[in-house]
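Visitor: Encoded as structure tokens, here's the structure I'll be asking about.
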Amino acid sequence: MDFLQLVKQRFARDRVGLIFAILLLAIYLVALTAQWIMPYDPMKMDLRAVFNPPTFAHPLGTDQFGRDVLSRVILATQVSARVATAAAVIGLTIGTALGMYVGYVGGLAESIVMRLTDIMLIFPTIMLAIVVVTIAGPSEWGVIIALAVSWIPPFVRLSRAVTLSVREELYVEASIAVGSGRWQVLRHHIWPNISSPIIVQGTLTLPIVVLSASSLSFLGLGVQPPTPEWGQMLNAAKDFLRTSPYLLIGPGAALFIFVLASNMVGDALQETLNPRLKQRK
Amino acid sequence: MEHKTPLIEVKNLKTYFRTDNGVCRAVDGISFSISAEKTLGVVGESGCGKSITARSIMALVDPPGRIEEGEILFHRKGEVVDLTKLDPKGRTMRDIRGNDIAMIFQDPMTSLNPVFTIGDQIIEGILLHRKIGRSNARRQAIEMLESVAMPSPEQRVDDYPHQLSGGMRQRAMIAMALSCNPALLIADEPTTALDVTIQAQVIELMRRLQKDFKAAIMFITHDLGVIANIADDVIVMYLGEVVESGTVREIFHNSKHPYTQGLMNSLPVLTHDRGRRLVAIEGNVPSSFAVPDGCRFAPRCPHVMEVCRQRAPRLLDVGNGHRAACHLNETVALEAPV
């Protein structure tokens with residue numbers, strides 16, 4: 001597949017898309033190298049230096065325990081990116097696999113899975129996540145599982161819908177006619193032809209998952225202190241909004257940039273992949 | 001027609017579609033056989049059950065369609081397998097598909113996967129049935145493309161379907177179908193979607209390949225000209241039944257069924273007087289949900305008799321291995337045996 005080539009072409013022409021793609025990559029780079037680029041230990045308290053406004057030594061100031069906010073934002077980026085990406089990837093993988101399978105085989109399996117999906121879709125995603133996180137317990141893995149579970153149904157629906165149309169294509173039948181089994185057809189013919197909308201949907205889901213993860217942490221149901229996480233840092237900072245508003249800048253900006261960048265990249269991908277494989281060569 | 005050991009025998013095959021609107025008797029008790037290395041032409045109008053017959057052989061009939069009755073006996077490595085008894089998704093059926101029986105579809109535009117090169121798709125079939133490595137399979141794919149007269153096969157093997165013309169795609173499909181050297185090739189209107197010059201090339205190619213690969217062909221079409229060109233034997237289908245069968249010579253020069261005669265008369269003939277109008281068969285094919293009683297062709301038949309509306313004619317031998325299902329022949333046979 002010339003998927004990568006196509007994406008490269010697209011971003012070469014689309015300056016705005018390129019900038020946001022670079023931003024998104026930069027955020028992931030920060031997340032990956034957090035351990036080495038943090039200027040201070042994000043957990044180290046210094047009660048002589050609480051609520052310091054931004055200075056050269058502490059560009060984002062210090063919080064109520066005298067911890068360096070920049071270091072905490074950097075570590076929070078790692079935690080948030082990890083949680084959101086893991087949740088989105090798990091939800092996408094399970095949802096897509098399930099949707100493709102039942103879309104292809106149909107019958108009773110399809111009815112059961114789709115009705116369950118409908119039931120889950122009744123609840124707003126965040127409500128569902130709250131229920132699951134209550135069961136799984138408030139922790140990083142709790143949030144990942146909760147968000148992954150709540151994002152399975154939309155991916156089941158999407159992948160089933162596209163599978164239904166691809167399943168009827170003659171090349172699927174032609175492949176069965178040369179002796180392909182179910183697995184071969186799914187892997188070789190269905191997946192490559194439905195992957196574009198799934199990948200786009202995955203990219204567009206990422207910002208929503210980040211927001212949901214932050215919401216859960218904001219409510220105290222997510223990543224537990226002292227581990228920093230964007231939503232949880234915002235939650236802590238809101239108590240000092242009147243006296244130290246600068247505490248909100250770091251986590252707020254990081255969250256904002258991540259959501260915006262992944263949305264823009266998702267949109268760009270969608271535009272690239274929608275007229276499917278049309279402009280190749 | 002001389003009878004060698006048949007490769008495949010279809011006996012009283014009935015494929016019905018049970019829908020909410022009633023039962024559609026798409027294929028209703030047809031029998032025929034194909035000998036090794038021979039070509040059987042299957043002709044008939046749209047909706048007469050040609051394609052469903054082919055799909056029944058490949059066990060590709062989707063629900064609500066089902067083979068209700070009959071046998072499809074396939075002679076394979078000295079054994080006889082009844083294809084209707086096999087699990088359509090089972091191991092044996094999958095081994096047979098592609099390896100022993102291959103199929104070419106009508107529309108080469110849609111029967112190739114747009115996201116893979118044609119080489120990938122030929123290799124897929126080879127790897128499913130042969131225990132060889134990918135690079136060997138690729139070499140074989142290039143050889144196949146060469147044998148279907150694809151220009152510069154080494155480059156074309158890496159082309160995507162949209163980079164090929166219709167004729168080249170159909171050649172690629174034929175290469176894909178023949179890559180495992182099947183004993184029977186089912187061609188479901190392989191030339192219908194192509195323009196006339198390409199049609200002639202593809203038919204010429206199939207005739208040559210049949211000799212090279214020693215395959216039997218079941219050639220489905222509604223184009224009588226194509227049949228005359230390629231077939232050894234012909235069956236004419238109407239509303240899910242075989243109305244006439246015989247050698248291509250018998251069917252074309254000595255047709256014994258008013259439907260076949262009607263089809264022949266509707267062909268333009270170059271040597272005829274100018275200004276002669278083509279004769280069309282009256283009316284339309286009735287719905288296969290509501291099959292007429294008696295002879296199914298009776299409502300449209302120019303020679304219809306009282307008996308036709310009451311009793312269905314049997315498929316009777318009228319000499320030279322030629323069989324036709326028409327009451328006219330029964331009376332003719334009584335009065336003046338051929």
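Residue numbers start at 1 in each chain; chains themselves are named A, B, ... in the order of the structure tokens; ligands are numbered from 1 in the order shown.
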Need to verify the contact set: stretch 241-254 of chain A, 12 Å, only C-alpha atoms, exclusion of same-chain residues closer than 2 positions in sequence. Can you return it as a VMD selection string?

Guide: chain A and resid 23 to 24 26 to 28 30 to 31 50 to 55 58 to 64 66 to 78 80 to 81 207 210 to 211 214 218 228 to 239 256 to 261

Visitor: For chain B against chain A, which residues fall within 7 Å using only C-alpha atoms, given as a PyMOL selection string?

Guide: chain B and resi 94-95+97-98+102-103+110-113+115+125+128

Visitor: Near B:Lys38, within 9 Å and counting only C-alpha atoms, which residues show up once chain neighbours fewer than 6 positions away are dropped, as JSON, numbers by chain?

Guide: {"B": [210, 214, 215, 216, 217, 218, 231, 232, 233]}

Visitor: Output N, CA and C atoms of each residue in that selection to a file, as a compact mmCIF listing (two decimals), in the first residue's frame.

Guide:
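See part.txt below for the written result:
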# COMPACT_ATOMS: atom_id res chain seq x y z
N GLN B 210 -7.03 -23.49 -23.22
CA GLN B 210 -7.69 -24.75 -22.94
C GLN B 210 -6.84 -25.92 -23.44
N LYS B 214 -5.19 -28.10 -20.71
CA LYS B 214 -6.04 -29.30 -20.70
C LYS B 214 -7.17 -29.18 -19.69
N ALA B 215 -7.85 -28.04 -19.72
CA ALA B 215 -8.95 -27.83 -18.78
C ALA B 215 -10.28 -27.94 -19.51
N ALA B 216 -11.29 -28.38 -18.77
CA ALA B 216 -12.64 -28.31 -19.30
C ALA B 216 -13.17 -26.91 -18.97
N ILE B 217 -14.05 -26.40 -19.82
CA ILE B 217 -14.58 -25.06 -19.57
C ILE B 217 -16.09 -25.12 -19.57
N MET B 218 -16.68 -24.46 -18.60
CA MET B 218 -18.12 -24.25 -18.62
C MET B 218 -18.29 -22.77 -18.92
N ALA B 231 -17.67 -23.36 -27.98
CA ALA B 231 -18.22 -24.53 -27.30
C ALA B 231 -18.14 -25.80 -28.14
N ASP B 232 -18.05 -26.94 -27.46
CA ASP B 232 -18.23 -28.24 -28.10
C ASP B 232 -19.69 -28.65 -27.97
N ASP B 233 -20.21 -28.54 -26.75
CA ASP B 233 -21.60 -28.87 -26.48
C ASP B 233 -22.29 -27.64 -25.92

Visitor: If we count only C-alpha atoms and set the cut-off at 8 Å, which residues sit around B:Thr260, ignoring sequence neighbours fewer than 6 positions away in its own chain? Please answer as a PDB file with C-alpha atoms, in the first residue's frame.

Guide:
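Result file is result.pdb:
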ATOM      1  CA  VAL B 236     -29.947 -23.858 -23.526  1.00  0.00           C
ATOM      2  CA  GLU B 244     -32.339 -28.180 -25.163  1.00  0.00           C
ATOM      3  CA  ILE B 251     -28.076 -26.762 -31.639  1.00  0.00           C
TER       4      ILE B 251
END

Visitor: Which neighbours of B:Lys85 fall inside 9 Å, counting only C-alpha atoms, when residues of the same chain fewer than 4 positions from it are skipped, and could you give them as a list in words?

Guide: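 Result of the neighbour search: Glu71, Ile72 and Val81 of chain B.
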
Visitor: For stretch 181-196 of chain B, find every residue with an atom within 8 Å (counting only C-alpha atoms), except residues of its own chain fewer than 5 positions away, and show them as a ChimeraX atom specification.

Guide: /B:7,36-37,51,54,98-108,166-167,170,202-203,213-222

Visitor: For each of B:Ile227, B:Val307, B:Ala312, B:Val318, take the minimum atom-to-atom distance to B:Asp293, counting only C-alpha atoms, then give the residue where this is smallest.

Guide: B:Ala312

Visitor: What is the distance, in Å and to one decimal place, between atom CA of B:Leu83 and atom CA of B:Ala59?

Guide: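 So the answer is 7.5 Å.
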
Visitor: If you count only C-alpha atoms, which residues fall within 9 Å of B:Val285, apart from same-chain ones fewer than 6 positions away, as a list in words?

Guide: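 With the cut-off at 9 Å, the set is Glu45, Ser46, Gly47, Cys48, Tyr238, Leu239, Phe297 and Arg300 of chain B.
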
Visitor: What does the distance from atom CA of B:Cys308 to atom CA of B:Ser31 come to in Å, to one decimal?

Guide: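 Between these atoms lies a distance of 21.6 Å.
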
Visitor: Report, in Å to a single decimal, how far apart atom CA of A:Gly222 and atom CA of A:Gly142 are.

Guide: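 If I compute the distance from atom CA of A:Gly142 to atom CA of A:Gly222, I get 7.3 Å.
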
Visitor: Where does DSSP see strand (DSSP E or B) in stretch 94-252 of chain B, if you list the residues as a list in words?

Guide: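 Of stretch 94-252 of chain B, only Ile101, Ala102, Met103, Ile104, Leu184, Leu185, Ile186, Ala187, Asp188, Ala216, Ile217, Met218, Phe219, Ile220, Thr221, Asp233, Val234, Ile235, Val236, Met237, Tyr238, Glu241, Val242, Val243, Glu244, Ser245, Gly246 and Thr247 of chain B fall in strand (DSSP E or B).
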
Visitor: Write down as a PyMOL selection string the residues of stretch 35-224 of chain B whose backbone DSSP state falls under alpha helix (DSSP H).

Guide: chain B and resi 50-58+91-99+118-129+134-147+153-156+166-178+196-213+224
